[in-house]
$ cat target.cif   # mmCIF, C-alpha atoms
data_input
#
loop_
_atom_site.label_atom_id
_atom_site.label_comp_id
_atom_site.auth_asym_id
_atom_site.auth_seq_id
_atom_site.Cartn_x
_atom_site.Cartn_y
_atom_site.Cartn_z
CA MET A 1 221.85 82.56 47.70
CA LYS A 2 221.76 84.60 50.93
CA ASN A 3 218.90 86.76 49.61
CA SER A 4 216.91 83.73 48.45
CA MET A 5 217.48 81.97 51.79
CA PHE A 6 216.26 85.05 53.67
CA PHE A 7 213.15 85.14 51.46
CA LEU A 8 212.53 81.42 52.04
CA ILE A 9 212.82 81.84 55.81
CA ILE A 10 210.34 84.74 55.79
CA LEU A 11 208.02 82.64 53.65
CA SER A 12 208.35 79.62 55.95
CA ILE A 13 207.56 81.80 58.99
CA ALA A 14 204.42 83.11 57.29
CA LEU A 15 203.36 79.61 56.16
CA GLY A 16 204.12 78.13 59.59
CA ILE A 17 201.91 80.70 61.34
CA PHE A 18 199.17 80.32 58.70
CA CYS A 19 199.14 76.51 58.72
CA GLY A 20 199.36 76.32 62.51
CA ALA A 21 196.53 78.80 63.00
CA PHE A 22 194.11 77.53 60.31
CA PHE A 23 195.10 73.85 59.90
CA PRO A 24 196.32 72.84 63.36
CA LYS A 25 195.56 69.11 63.17
CA GLU A 26 197.16 68.69 59.76
CA THR A 27 200.23 70.68 60.87
CA ILE A 28 200.69 68.57 64.01
CA ALA A 29 200.44 65.44 61.84
CA VAL A 30 203.69 66.42 60.03
CA SER A 31 205.55 67.56 63.15
CA TRP A 32 208.03 64.73 62.53
CA ILE A 33 209.73 66.93 59.92
CA GLY A 34 210.73 69.43 62.59
CA LYS A 35 211.92 66.63 64.86
CA LEU A 36 214.09 65.32 62.01
CA PHE A 37 215.65 68.77 61.58
CA ILE A 38 216.44 68.92 65.33
CA ASN A 39 217.97 65.43 65.16
CA LEU A 40 220.27 66.57 62.36
CA LEU A 41 221.40 69.49 64.50
CA LYS A 42 222.07 67.19 67.44
CA LEU A 43 223.98 64.80 65.16
CA ILE A 44 226.71 67.38 64.57
CA VAL A 45 227.02 68.72 68.12
CA LEU A 46 229.47 66.26 69.72
CA PRO A 47 232.10 66.17 66.94
CA LEU A 48 231.76 69.93 66.39
CA ILE A 49 232.27 70.79 70.06
CA PHE A 50 235.27 68.49 70.39
CA SER A 51 237.03 69.56 67.18
CA ALA A 52 236.26 73.27 67.64
CA LEU A 53 237.63 73.46 71.18
CA VAL A 54 240.67 71.32 70.42
CA SER A 55 241.59 73.30 67.30
CA ALA A 56 240.96 76.67 68.97
CA ILE A 57 243.14 75.93 72.01
CA ALA A 58 245.81 73.79 70.35
CA ASN A 59 246.33 76.24 67.47
CA ILE A 60 247.52 78.92 69.89
CA GLY A 61 250.95 77.79 68.74
CA GLY A 62 252.58 76.18 71.74
CA MET A 63 252.88 76.72 75.46
CA GLN A 64 255.61 79.29 74.94
CA ARG A 65 253.19 81.55 73.07
CA LEU A 66 250.98 81.68 76.11
CA GLY A 67 253.12 84.54 77.32
CA SER A 68 251.73 87.88 78.36
CA ILE A 69 249.76 88.32 75.10
CA GLY A 70 248.12 84.92 75.45
CA VAL A 71 247.41 85.37 79.16
CA TYR A 72 245.89 88.83 78.63
CA THR A 73 243.78 87.57 75.72
CA LEU A 74 242.43 84.52 77.50
CA GLY A 75 241.85 86.56 80.65
CA TYR A 76 239.91 89.22 78.76
CA VAL A 77 237.84 86.61 76.90
CA LEU A 78 236.86 84.86 80.13
CA VAL A 79 235.91 88.15 81.78
CA SER A 80 234.01 89.41 78.74
CA VAL A 81 232.02 86.23 78.16
CA SER A 82 231.32 85.87 81.89
CA ILE A 83 229.95 89.41 82.13
CA ALA A 84 227.79 88.80 79.05
CA VAL A 85 226.24 85.69 80.57
CA ILE A 86 225.74 87.43 83.93
CA ILE A 87 223.98 90.34 82.20
CA GLY A 88 221.69 87.95 80.34
CA LEU A 89 220.82 85.82 83.37
CA THR A 90 220.21 88.92 85.49
CA LEU A 91 217.78 90.42 82.96
CA LEU A 92 215.91 87.12 82.61
CA ASN A 93 215.64 86.70 86.38
CA VAL A 94 214.35 90.25 86.81
CA PHE A 95 211.84 90.45 83.94
CA LYS A 96 210.91 86.73 83.55
CA PRO A 97 209.61 86.91 79.95
CA GLY A 98 208.84 83.17 79.86
CA VAL A 99 206.29 83.26 82.68
CA GLY A 100 202.77 82.89 81.29
CA ILE A 101 203.72 81.32 77.96
CA PRO A 102 202.05 77.91 77.58
CA PRO A 103 204.50 74.98 78.03
CA SER A 104 202.77 73.16 75.18
CA LEU A 105 204.76 75.32 72.74
CA ILE A 106 207.83 73.35 73.81
CA LEU A 107 206.29 70.04 74.84
CA ALA A 108 204.51 69.61 71.49
CA ASN A 109 207.74 68.47 69.83
CA ALA A 110 209.43 66.96 72.90
CA ALA A 111 210.63 63.40 73.25
CA PRO A 112 210.07 61.72 76.65
CA ALA A 113 213.84 61.36 77.18
CA ASP A 114 214.21 65.15 76.96
CA LEU A 115 212.09 65.65 80.07
CA LYS A 116 214.19 63.57 82.45
CA PRO A 117 215.06 65.83 85.42
CA VAL A 118 218.71 66.40 86.31
CA GLU A 119 219.86 67.17 89.84
CA PHE A 120 222.91 69.34 90.38
CA SER A 121 224.84 66.61 92.23
CA SER A 122 224.26 64.09 89.43
CA PHE A 123 225.21 66.74 86.88
CA LEU A 124 228.49 67.37 88.74
CA LEU A 125 229.30 63.66 88.83
CA SER A 126 228.48 63.34 85.14
CA LEU A 127 231.31 65.73 84.28
CA PHE A 128 233.80 62.99 85.17
CA PRO A 129 232.43 59.71 83.79
CA PRO A 130 234.46 56.50 84.06
CA ASN A 131 234.05 55.91 80.32
CA ILE A 132 234.14 58.90 77.95
CA VAL A 133 232.91 56.80 74.99
CA ALA A 134 229.89 55.62 76.98
CA ALA A 135 229.19 59.25 77.93
CA ALA A 136 229.21 60.18 74.25
CA VAL A 137 226.82 57.33 73.46
CA ARG A 138 224.45 58.63 76.16
CA TYR A 139 224.76 62.09 74.58
CA GLU A 140 226.28 63.65 77.72
CA ILE A 141 227.94 66.71 76.25
CA MET A 142 229.62 68.40 79.21
CA PRO A 143 232.07 65.51 79.86
CA ILE A 144 233.07 65.76 76.20
CA VAL A 145 233.70 69.49 76.64
CA PHE A 146 235.93 69.02 79.67
CA PHE A 147 237.78 66.15 78.01
CA SER A 148 238.37 68.21 74.84
CA ILE A 149 239.82 71.12 76.83
CA VAL A 150 242.24 68.85 78.72
CA PHE A 151 243.07 67.05 75.45
CA ALA A 152 243.89 70.36 73.71
CA ILE A 153 246.10 71.54 76.58
CA ALA A 154 247.92 68.19 76.44
CA CYS A 155 248.51 68.71 72.70
CA LEU A 156 250.00 72.12 73.46
CA SER A 157 252.23 70.61 76.11
CA VAL A 158 253.47 67.79 73.85
CA GLY A 159 254.31 70.25 71.08
CA LYS A 160 255.55 69.18 67.64
CA PRO A 161 254.79 65.42 67.92
CA ALA A 162 251.11 66.30 68.48
CA GLN A 163 250.92 68.57 65.41
CA PRO A 164 249.37 65.90 63.13
CA VAL A 165 246.66 65.37 65.75
CA VAL A 166 245.95 69.11 65.90
CA GLU A 167 245.85 69.34 62.09
CA PHE A 168 243.38 66.45 61.96
CA PHE A 169 240.95 68.13 64.35
CA THR A 170 241.39 71.48 62.61
CA GLY A 171 240.45 69.81 59.32
CA LEU A 172 237.58 67.98 60.99
CA ARG A 173 236.26 71.28 62.29
CA SER A 174 236.33 72.74 58.75
CA VAL A 175 234.42 69.71 57.42
CA LEU A 176 231.78 70.03 60.16
CA VAL A 177 231.43 73.76 59.47
CA LYS A 178 230.66 72.89 55.84
CA MET A 179 228.08 70.35 57.02
CA ILE A 180 226.43 73.00 59.18
CA ILE A 181 226.25 75.36 56.22
CA TRP A 182 224.54 72.61 54.20
CA LEU A 183 222.17 71.92 57.08
CA MET A 184 221.21 75.59 57.27
CA TYR A 185 219.75 75.21 53.75
CA LEU A 186 217.11 72.99 55.37
CA THR A 187 216.22 75.69 57.90
CA PRO A 188 213.08 76.89 56.04
CA ILE A 189 211.62 73.35 56.03
CA GLY A 190 212.51 72.71 59.67
CA LEU A 191 211.23 76.13 60.66
CA LEU A 192 207.93 75.62 58.86
CA SER A 193 207.30 72.37 60.74
CA LEU A 194 208.55 73.45 64.19
CA LEU A 195 206.89 76.85 64.16
CA GLY A 196 203.72 75.47 62.62
CA THR A 197 203.45 72.80 65.33
CA ALA A 198 204.03 75.33 68.12
CA VAL A 199 201.43 77.73 66.66
CA ALA A 200 198.99 74.87 66.18
CA GLU A 201 199.26 73.83 69.83
CA ALA A 202 198.82 77.45 70.98
CA SER A 203 195.90 77.93 68.58
CA ILE A 204 194.11 74.83 69.87
CA GLN A 205 194.46 76.15 73.44
CA HIS A 206 193.53 79.73 72.39
CA LEU A 207 196.87 81.07 73.68
CA LEU A 208 198.45 82.25 70.42
CA LEU A 209 198.50 86.01 71.06
CA GLN A 210 199.82 85.53 74.58
CA SER A 211 202.64 83.36 73.24
CA LEU A 212 203.66 85.89 70.57
CA ARG A 213 203.78 88.72 73.14
CA GLY A 214 206.06 86.65 75.34
CA MET A 215 208.44 85.89 72.46
CA PHE A 216 208.74 89.53 71.42
CA TYR A 217 209.31 90.47 75.06
CA PHE A 218 212.16 87.95 75.21
CA VAL A 219 213.75 89.32 72.01
CA LEU A 220 213.58 92.89 73.36
CA ILE A 221 215.22 91.88 76.64
CA PHE A 222 218.01 90.04 74.80
CA LEU A 223 218.76 93.08 72.61
CA PHE A 224 218.98 95.21 75.76
CA GLY A 225 221.45 92.68 77.12
CA LEU A 226 223.65 93.06 74.04
CA PHE A 227 223.48 96.85 74.43
CA PHE A 228 224.73 96.63 78.03
CA GLN A 229 227.53 94.28 76.91
CA ILE A 230 228.71 96.83 74.34
CA LEU A 231 228.31 99.69 76.81
CA TRP A 232 230.75 98.40 79.44
CA GLN A 233 233.28 97.62 76.70
CA VAL A 234 233.06 101.25 75.52
CA ALA A 235 234.18 102.18 79.04
CA VAL A 236 237.11 99.72 78.70
CA VAL A 237 238.17 101.43 75.46
CA ALA A 238 238.31 104.80 77.24
CA VAL A 239 239.75 103.75 80.61
CA VAL A 240 242.02 100.79 79.87
CA ALA A 241 242.91 101.06 76.17
CA ARG A 242 243.17 104.86 76.48
CA LYS A 243 241.48 105.54 73.15
CA SER A 244 238.67 107.89 72.16
CA PRO A 245 235.46 105.84 72.19
CA ARG A 246 233.94 108.00 69.44
CA GLN A 247 236.91 107.51 67.12
CA PHE A 248 237.17 103.83 67.99
CA ILE A 249 233.49 103.24 67.21
CA LYS A 250 233.82 105.19 63.96
CA ALA A 251 236.84 103.12 62.92
CA ALA A 252 235.08 99.88 63.91
CA SER A 253 231.92 100.72 61.95
CA ASN A 254 233.11 98.96 58.77
CA ALA A 255 233.79 95.75 60.67
CA LEU A 256 230.46 95.99 62.52
CA LEU A 257 228.52 96.52 59.29
CA THR A 258 230.34 93.58 57.69
CA ALA A 259 229.51 91.46 60.74
CA PHE A 260 225.85 92.42 60.48
CA ALA A 261 225.76 91.65 56.76
CA THR A 262 227.59 88.29 56.90
CA SER A 263 226.48 87.00 60.35
CA SER A 264 230.01 85.59 60.61
CA SER A 265 232.86 86.84 62.75
CA MET A 266 235.18 84.57 60.75
CA ALA A 267 234.21 86.23 57.48
CA THR A 268 234.65 89.64 59.13
CA LEU A 269 238.20 88.89 60.34
CA PRO A 270 240.05 90.54 57.38
CA VAL A 271 238.09 93.76 57.97
CA THR A 272 238.71 93.51 61.72
CA LEU A 273 242.46 93.26 61.09
CA MET A 274 242.31 96.41 58.95
CA VAL A 275 240.50 98.28 61.74
CA ALA A 276 243.18 97.18 64.19
CA LYS A 277 245.87 98.57 61.89
CA GLU A 278 244.03 101.89 61.59
CA GLN A 279 243.89 102.11 65.38
CA ASP A 280 247.67 101.59 65.66
CA ILE A 281 247.33 98.20 67.33
CA SER A 282 250.65 96.40 66.83
CA ASP A 283 250.78 93.65 64.20
CA GLU A 284 252.15 91.22 66.80
CA VAL A 285 249.08 91.66 68.97
CA ALA A 286 246.51 91.90 66.15
CA ARG A 287 247.70 88.79 64.30
CA PHE A 288 247.61 86.69 67.47
CA VAL A 289 244.68 88.15 69.39
CA LEU A 290 242.07 88.68 66.67
CA PRO A 291 242.07 85.16 65.12
CA LEU A 292 242.01 83.61 68.60
CA ALA A 293 239.32 86.00 69.89
CA THR A 294 237.25 85.43 66.75
CA THR A 295 237.18 81.74 67.61
CA ILE A 296 236.49 81.84 71.36
CA ASN A 297 235.36 85.38 72.30
CA LEU A 298 231.70 84.87 71.39
CA ALA A 299 230.12 86.83 74.23
CA GLY A 300 226.92 87.62 72.34
CA THR A 301 226.46 83.96 71.48
CA ALA A 302 227.13 82.84 75.06
CA MET A 303 224.54 85.34 76.33
CA TYR A 304 222.05 84.02 73.80
CA GLU A 305 222.62 80.44 74.93
CA ALA A 306 222.13 81.36 78.61
CA VAL A 307 219.04 83.56 78.26
CA SER A 308 217.38 81.06 75.91
CA ALA A 309 217.88 78.21 78.39
CA LEU A 310 216.50 80.25 81.27
CA PHE A 311 213.62 81.52 79.10
CA PHE A 312 212.61 77.96 78.22
CA CYS A 313 212.88 76.94 81.88
CA GLN A 314 210.49 79.76 82.78
CA ILE A 315 208.03 78.57 80.14
CA LEU A 316 208.17 75.01 81.50
CA GLY A 317 207.86 76.21 85.09
CA TYR A 318 211.33 75.00 86.13
CA ASP A 319 212.55 76.95 89.16
CA LEU A 320 216.32 76.85 88.67
CA SER A 321 218.36 77.09 91.86
CA ILE A 322 221.51 79.19 92.11
CA PRO A 323 223.79 76.12 91.61
CA ALA A 324 221.72 75.15 88.56
CA GLN A 325 222.08 78.66 87.12
CA ILE A 326 225.82 78.46 87.75
CA GLY A 327 225.71 75.31 85.65
CA VAL A 328 223.95 77.27 82.89
CA PHE A 329 226.58 80.00 83.29
CA VAL A 330 229.50 77.61 82.77
CA THR A 331 227.82 75.64 79.99
CA ALA A 332 226.84 78.78 78.07
CA ILE A 333 230.44 80.04 78.16
CA LEU A 334 231.77 76.74 76.80
CA ALA A 335 228.96 76.49 74.24
CA GLY A 336 229.74 80.02 73.04
CA MET A 337 233.37 79.01 72.55
CA GLY A 338 232.20 76.01 70.52
CA ALA A 339 230.00 78.07 68.19
CA THR A 340 233.06 78.63 65.96
CA GLY A 341 232.08 82.07 64.65
CA ILE A 342 229.95 80.79 61.77
CA PRO A 343 226.40 81.83 60.87
CA GLU A 344 223.87 80.28 63.26
CA GLY A 345 226.54 78.15 64.94
CA GLY A 346 224.88 79.12 68.22
CA LEU A 347 221.80 77.10 67.24
CA VAL A 348 223.91 73.96 67.11
CA THR A 349 225.77 74.45 70.38
CA MET A 350 222.58 75.54 72.18
CA VAL A 351 221.71 71.85 72.32
CA MET A 352 224.48 71.48 74.91
CA VAL A 353 223.02 74.18 77.16
CA LEU A 354 219.45 72.88 76.90
CA ARG A 355 220.50 69.34 77.72
CA ASN A 356 222.17 70.69 80.86
CA VAL A 357 218.82 71.90 82.24
CA SER A 358 216.64 69.10 80.79
CA VAL A 359 214.87 71.40 78.32
CA PRO A 360 213.71 69.56 75.16
CA THR A 361 215.94 70.48 72.23
CA SER A 362 212.78 70.96 70.18
CA ALA A 363 212.40 74.25 72.06
CA ILE A 364 214.91 75.70 69.59
CA GLY A 365 212.01 75.86 67.14
CA LEU A 366 210.55 78.81 69.06
CA LEU A 367 213.68 80.84 68.33
CA LEU A 368 214.06 80.00 64.65
CA PRO A 369 211.75 82.79 63.40
CA PHE A 370 213.91 85.38 65.18
CA ASP A 371 217.32 83.75 64.97
CA ARG A 372 218.42 85.17 61.63
CA ILE A 373 218.13 88.78 62.75
CA LEU A 374 219.33 88.07 66.30
CA ASP A 375 222.36 86.28 64.87
CA ARG A 376 223.39 89.47 63.10
CA PHE A 377 223.25 91.48 66.33
CA ARG A 378 225.12 88.74 68.20
CA THR A 379 227.85 88.76 65.55
CA MET A 380 228.21 92.55 65.77
CA THR A 381 228.61 92.25 69.54
CA ASN A 382 231.20 89.49 69.12
CA VAL A 383 233.26 91.46 66.58
CA TRP A 384 233.10 94.61 68.72
CA GLY A 385 234.38 92.55 71.66
CA ASP A 386 237.26 91.19 69.54
CA LEU A 387 238.40 94.73 68.67
CA VAL A 388 238.14 95.91 72.27
CA CYS A 389 240.11 92.83 73.35
CA ALA A 390 242.89 93.58 70.85
CA ALA A 391 243.04 97.26 71.88
CA THR A 392 243.16 96.32 75.57
CA VAL A 393 245.85 93.66 75.14
CA ASP A 394 247.91 96.04 73.00
CA ARG A 395 247.74 98.73 75.70
CA LEU A 396 248.73 96.27 78.43
CA GLN A 397 251.62 94.99 76.30
CA ARG A 398 252.93 98.52 75.78
CA VAL A 399 252.78 99.14 79.54
CA VAL A 400 254.69 95.92 80.23
CA LYS A 401 257.39 96.74 77.65
CA LYS A 402 257.73 100.26 79.02
CA ARG A 403 258.26 98.96 82.54
CA LYS A 404 260.84 96.48 81.32
CA ARG A 405 262.78 99.22 79.54
CA LYS A 406 262.74 101.33 82.71
CA ALA A 407 263.90 98.37 84.80
CA ALA A 408 266.74 97.73 82.36
#
$ encode --input "target.cif" --output "structure tokens"
Amino acid sequence: MKNSMFFLIILSIALGIFCGAFFPKETIAVSWIGKLFINLLKLIVLPLIFSALVSAIANIGGMQRLGSIGVYTLGYVLVSVSIAVIIGLTLLNVFKPGVGIPPSLILANAAPADLKPVEFSSFLLSLFPPNIVAAAVRYEIMPIVFFSIVFAIACLSVGKPAQPVVEFFTGLRSVLVKMIIWLMYLTPIGLLSLLGTAVAEASIQHLLLQSLRGMFYFVLIFLFGLFFQILWQVAVVAVVARKSPRQFIKAASNALLTAFATSSSMATLPVTLMVAKEQDISDEVARFVLPLATTINLAGTAMYEAVSALFFCQILGYDLSIPAQIGVFVTAILAGMGATGIPEGGLVTMVMVLRNVSVPTSAIGLLLPFDRILDRFRTMTNVWGDLVCAATVDRLQRVVKKRKRKAA
């Protein structure tokens, strides 16, 4: 099925470009198909974000397990994802790949409500609405994210009585993951319509070649960002984890190849655990850190969310202020955590980031032709980060135990 889906996506890309270039009016006439596909993506976002964050945090196992291992893991994840987003935003601000691309590529599929401007002060106030249900009805995602985090921490604090609640949201997350997998089967149809409409608009305005150059420029910059993310973590392996980077990379190669092949850090987890064992990472650390990191340490995905949002803002001519980019920074981190480590989960949670900067969610259609291959590189980066996290936490744990023995 994976091979046939890949073939269908390649075919839909070719047909989308062909139809948009040679039959622009007819292609624009069926643009509603792409809008329907985007609506289906948006339909899953709120319940997925809530259940994914609640299950990820609440399944840590109780407040008592947030000892040194939990603190080191969460600390590393926050640092890693933050650096990834900073790298991405820095590259986009320096090279500005979106400048010069016609806004019509995005606006062609946009709904008027998508273009409503959002000021930073109103965005800040929206994080704490008086009615969380009303916020959900208005499709305000960030309040839902904050509420889900507090809700999950409360479940941890309550302990055993809250276990049925945690199990419910864990099961809900699994159901929504299955729905996403089903929805991805419709990707070729949605891609054909979205890409075809964008190409048709560019073709009518005689800006097609300019648009394609800008997109390839963006992809190249993003891949450089992933390279820099991996590079600083190689330094962490040598300096903090005290392991040979060459041997560590060699041992991790099986997991990285599996990640590239499956586009899923969840599916790669058994291989990742084997790599951890080969690298003499303790079972206590590996069994706790790797499943948790696989769920929330999605640095490559968070970078993708951030650079895509800024790229679309550059296309639309939005000049994001520093506070607004900080908003993108925070939202991308939380969206990355909500991507759940499944193939193309980042496409779903990207809706949250785009809504934060008033970019039409239809802009996702520009990325669909490249997303399959970019998703594989993102997953490799995520899995590499999980292994580095486990090695780092294991080293810190050994240092702590050694000091305790000396003190005793």
$ closest_atom_pairs --input "target.cif" --of "range 245-319 of chain A" --to "range 100-103 of chain A" --cutoff "8 Å" --atoms "all atoms listed in the file" --output "tab-separated table"
residue	atom	partner	partner_atom	distance
A:Ile315	CA	A:Pro103	CA	5.5
A:Leu316	CA	A:Pro103	CA	5.1
A:Gly317	CA	A:Pro103	CA	7.9
$ atom_distance --input "target.cif" --atom1 "CA of Asp280 in chain A" --atom2 "CA of Gln397 in chain A"
13.1 Å
$ closest_residue --input "target.cif" --among "A:Ile221, A:Ala302, A:Ser51, A:Arg242" --to "Arg173 in chain A" --atoms "only C-alpha atoms"
A:Ser51
$ resolve_selection --input "target.cif" --expression "the PyMOL selection byres ((chain A and resi 357) around 8)" --output "ChimeraX atom specification"
/A:117-118,309,313,324,328,353-356,358-359
$ residues_around --input "target.cif" --residues "Lys96 in chain A" --least-positions-apart "2" --cutoff "10 Å" --atoms "all atoms listed in the file" --output "number ranges by chain"
A: 89-94, 98-100, 214, 217-218, 221, 310-311, 314-315
$ residues_around --input "target.cif" --residues "range 26-36 of chain A" --least-positions-apart "3" --cutoff "6 Å" --atoms "only C-alpha atoms" --output "list in words"
Gly20, Phe23, Asn39, Gly190, Ser193, Leu194 and Thr197 of chain A
$ write_last_selection --input "target.cif" --atoms "C-alpha atoms" --output "short mmCIF file (atom, residue, chain, number, x, y, z; two decimals), in the frame of the given file"
data_model
loop_
_atom_site.label_atom_id
_atom_site.label_comp_id
_atom_site.auth_asym_id
_atom_site.auth_seq_id
_atom_site.Cartn_x
_atom_site.Cartn_y
_atom_site.Cartn_z
CA GLY A 20 199.36 76.32 62.51
CA PHE A 23 195.10 73.85 59.90
CA ASN A 39 217.97 65.43 65.16
CA GLY A 190 212.51 72.71 59.67
CA SER A 193 207.30 72.37 60.74
CA LEU A 194 208.55 73.45 64.19
CA THR A 197 203.45 72.80 65.33
#
$ closest_residue --input "target.cif" --among "A:Leu320, A:Met350, A:Ala52, A:Leu396" --to "Ser174 in chain A" --atoms "only C-alpha atoms"
A:Ala52
$ atom_distance --input "target.cif" --atom1 "CA of Thr272 in chain A" --atom2 "CA of Gly171 in chain A"
23.9 Å
$ residues_around --input "target.cif" --residues "Lys243 in chain A" --least-positions-apart "3" --cutoff "12 Å" --atoms "all atoms listed in the file" --output "ChimeraX atom specification"
/A:233-240,246-251,279-281,388,391-392,394-395
$ write_last_selection --input "target.cif" --atoms "C-alpha atoms" --output "PDB file, keeping the file's coordinate frame"
ATOM      1  CA  GLN A 233     233.280  97.620  76.700  1.00  0.00           C
ATOM      2  CA  VAL A 234     233.060 101.250  75.520  1.00  0.00           C
ATOM      3  CA  ALA A 235     234.180 102.180  79.040  1.00  0.00           C
ATOM      4  CA  VAL A 236     237.110  99.720  78.700  1.00  0.00           C
ATOM      5  CA  VAL A 237     238.170 101.430  75.460  1.00  0.00           C
ATOM      6  CA  ALA A 238     238.310 104.800  77.240  1.00  0.00           C
ATOM      7  CA  VAL A 239     239.750 103.750  80.610  1.00  0.00           C
ATOM      8  CA  VAL A 240     242.020 100.790  79.870  1.00  0.00           C
ATOM      9  CA  ARG A 246     233.940 108.000  69.440  1.00  0.00           C
ATOM     10  CA  GLN A 247     236.910 107.510  67.120  1.00  0.00           C
ATOM     11  CA  PHE A 248     237.170 103.830  67.990  1.00  0.00           C
ATOM     12  CA  ILE A 249     233.490 103.240  67.210  1.00  0.00           C
ATOM     13  CA  LYS A 250     233.820 105.190  63.960  1.00  0.00           C
ATOM     14  CA  ALA A 251     236.840 103.120  62.920  1.00  0.00           C
ATOM     15  CA  GLN A 279     243.890 102.110  65.380  1.00  0.00           C
ATOM     16  CA  ASP A 280     247.670 101.590  65.660  1.00  0.00           C
ATOM     17  CA  ILE A 281     247.330  98.200  67.330  1.00  0.00           C
ATOM     18  CA  VAL A 388     238.140  95.910  72.270  1.00  0.00           C
ATOM     19  CA  ALA A 391     243.040  97.260  71.880  1.00  0.00           C
ATOM     20  CA  THR A 392     243.160  96.320  75.570  1.00  0.00           C
ATOM     21  CA  ASP A 394     247.910  96.040  73.000  1.00  0.00           C
ATOM     22  CA  ARG A 395     247.740  98.730  75.700  1.00  0.00           C
TER      23      ARG A 395
END
$ closest_residue --input "target.cif" --among "A:Val219, A:Leu8, A:Ile57, A:Leu172" --to "Asp371 in chain A" --atoms "only C-alpha atoms"
A:Val219
$ resolve_selection --input "target.cif" --expression "the PyMOL selection byres ((chain A and resi 226) around 12)" --output "JSON, numbers by chain"
{"A": [80, 81, 83, 84, 85, 86, 87, 88, 91, 219, 220, 221, 222, 223, 224, 225, 227, 228, 229, 230, 231, 232, 233, 298, 299, 300, 301, 302, 303, 304, 307, 374, 375, 376, 377, 378, 379, 380, 381, 382, 384, 385]}
$ residues_near_point --input "target.cif" --point "(212.6, 78.1, 65.3)" --cutoff "10 Å" --atoms "only C-alpha atoms" --output "JSON list (two decimals) with C-alpha atoms, in the frame of the given file"
[["chain", "number", "residue", "atom", "x", "y", "z"],
["A", 13, "ILE", "CA", 207.56, 81.80, 58.99],
["A", 34, "GLY", "CA", 210.73, 69.43, 62.59],
["A", 38, "ILE", "CA", 216.44, 68.92, 65.33],
["A", 187, "THR", "CA", 216.22, 75.69, 57.90],
["A", 188, "PRO", "CA", 213.08, 76.89, 56.04],
["A", 190, "GLY", "CA", 212.51, 72.71, 59.67],
["A", 191, "LEU", "CA", 211.23, 76.13, 60.66],
["A", 192, "LEU", "CA", 207.93, 75.62, 58.86],
["A", 193, "SER", "CA", 207.30, 72.37, 60.74],
["A", 194, "LEU", "CA", 208.55, 73.45, 64.19],
["A", 195, "LEU", "CA", 206.89, 76.85, 64.16],
["A", 196, "GLY", "CA", 203.72, 75.47, 62.62],
["A", 198, "ALA", "CA", 204.03, 75.33, 68.12],
["A", 347, "LEU", "CA", 221.80, 77.10, 67.24],
["A", 362, "SER", "CA", 212.78, 70.96, 70.18],
["A", 363, "ALA", "CA", 212.40, 74.25, 72.06],
["A", 364, "ILE", "CA", 214.91, 75.70, 69.59],
["A", 365, "GLY", "CA", 212.01, 75.86, 67.14],
["A", 366, "LEU", "CA", 210.55, 78.81, 69.06],
["A", 367, "LEU", "CA", 213.68, 80.84, 68.33],
["A", 368, "LEU", "CA", 214.06, 80.00, 64.65],
["A", 369, "PRO", "CA", 211.75, 82.79, 63.40],
["A", 370, "PHE", "CA", 213.91, 85.38, 65.18],
["A", 371, "ASP", "CA", 217.32, 83.75, 64.97],
["A", 372, "ARG", "CA", 218.42, 85.17, 61.63]]
$ resolve_selection --input "target.cif" --expression "the PyMOL selection byres ((chain A and resi 47) around 10)" --output "JSON, numbers by chain"
{"A": [43, 44, 45, 46, 48, 49, 50, 51, 52, 136, 144, 169, 172, 173, 176]}
$ atom_distance --input "target.cif" --atom1 "CA of Ile333 in chain A" --atom2 "CA of Ser82 in chain A"
7.0 Å
$ residues_near_point --input "target.cif" --point "(250.6, 91.7, 67.9)" --cutoff "12 Å" --atoms "all atoms listed in the file" --output "PyMOL selection string"
chain A and resi 65+68-70+73+273+276-277+280-292+389-398
$ write_last_selection --input "target.cif" --atoms "C-alpha atoms" --output "compact mmCIF listing (two decimals), in the frame of the given file"
# COMPACT_ATOMS: atom_id res chain seq x y z
CA ARG A 65 253.19 81.55 73.07
CA SER A 68 251.73 87.88 78.36
CA ILE A 69 249.76 88.32 75.10
CA GLY A 70 248.12 84.92 75.45
CA THR A 73 243.78 87.57 75.72
CA LEU A 273 242.46 93.26 61.09
CA ALA A 276 243.18 97.18 64.19
CA LYS A 277 245.87 98.57 61.89
CA ASP A 280 247.67 101.59 65.66
CA ILE A 281 247.33 98.20 67.33
CA SER A 282 250.65 96.40 66.83
CA ASP A 283 250.78 93.65 64.20
CA GLU A 284 252.15 91.22 66.80
CA VAL A 285 249.08 91.66 68.97
CA ALA A 286 246.51 91.90 66.15
CA ARG A 287 247.70 88.79 64.30
CA PHE A 288 247.61 86.69 67.47
CA VAL A 289 244.68 88.15 69.39
CA LEU A 290 242.07 88.68 66.67
CA PRO A 291 242.07 85.16 65.12
CA LEU A 292 242.01 83.61 68.60
CA CYS A 389 240.11 92.83 73.35
CA ALA A 390 242.89 93.58 70.85
CA ALA A 391 243.04 97.26 71.88
CA THR A 392 243.16 96.32 75.57
CA VAL A 393 245.85 93.66 75.14
CA ASP A 394 247.91 96.04 73.00
CA ARG A 395 247.74 98.73 75.70
CA LEU A 396 248.73 96.27 78.43
CA GLN A 397 251.62 94.99 76.30
CA ARG A 398 252.93 98.52 75.78
$ closest_residue --input "target.cif" --among "A:Phe151, A:Ala162, A:Glu278, A:Phe146" --to "Thr331 in chain A" --atoms "all atoms listed in the file"
A:Phe146
$ closest_residue --input "target.cif" --among "A:Ala21, A:Leu78, A:Leu183, A:Val275" --to "Thr258 in chain A" --atoms "all atoms listed in the file"
A:Val275
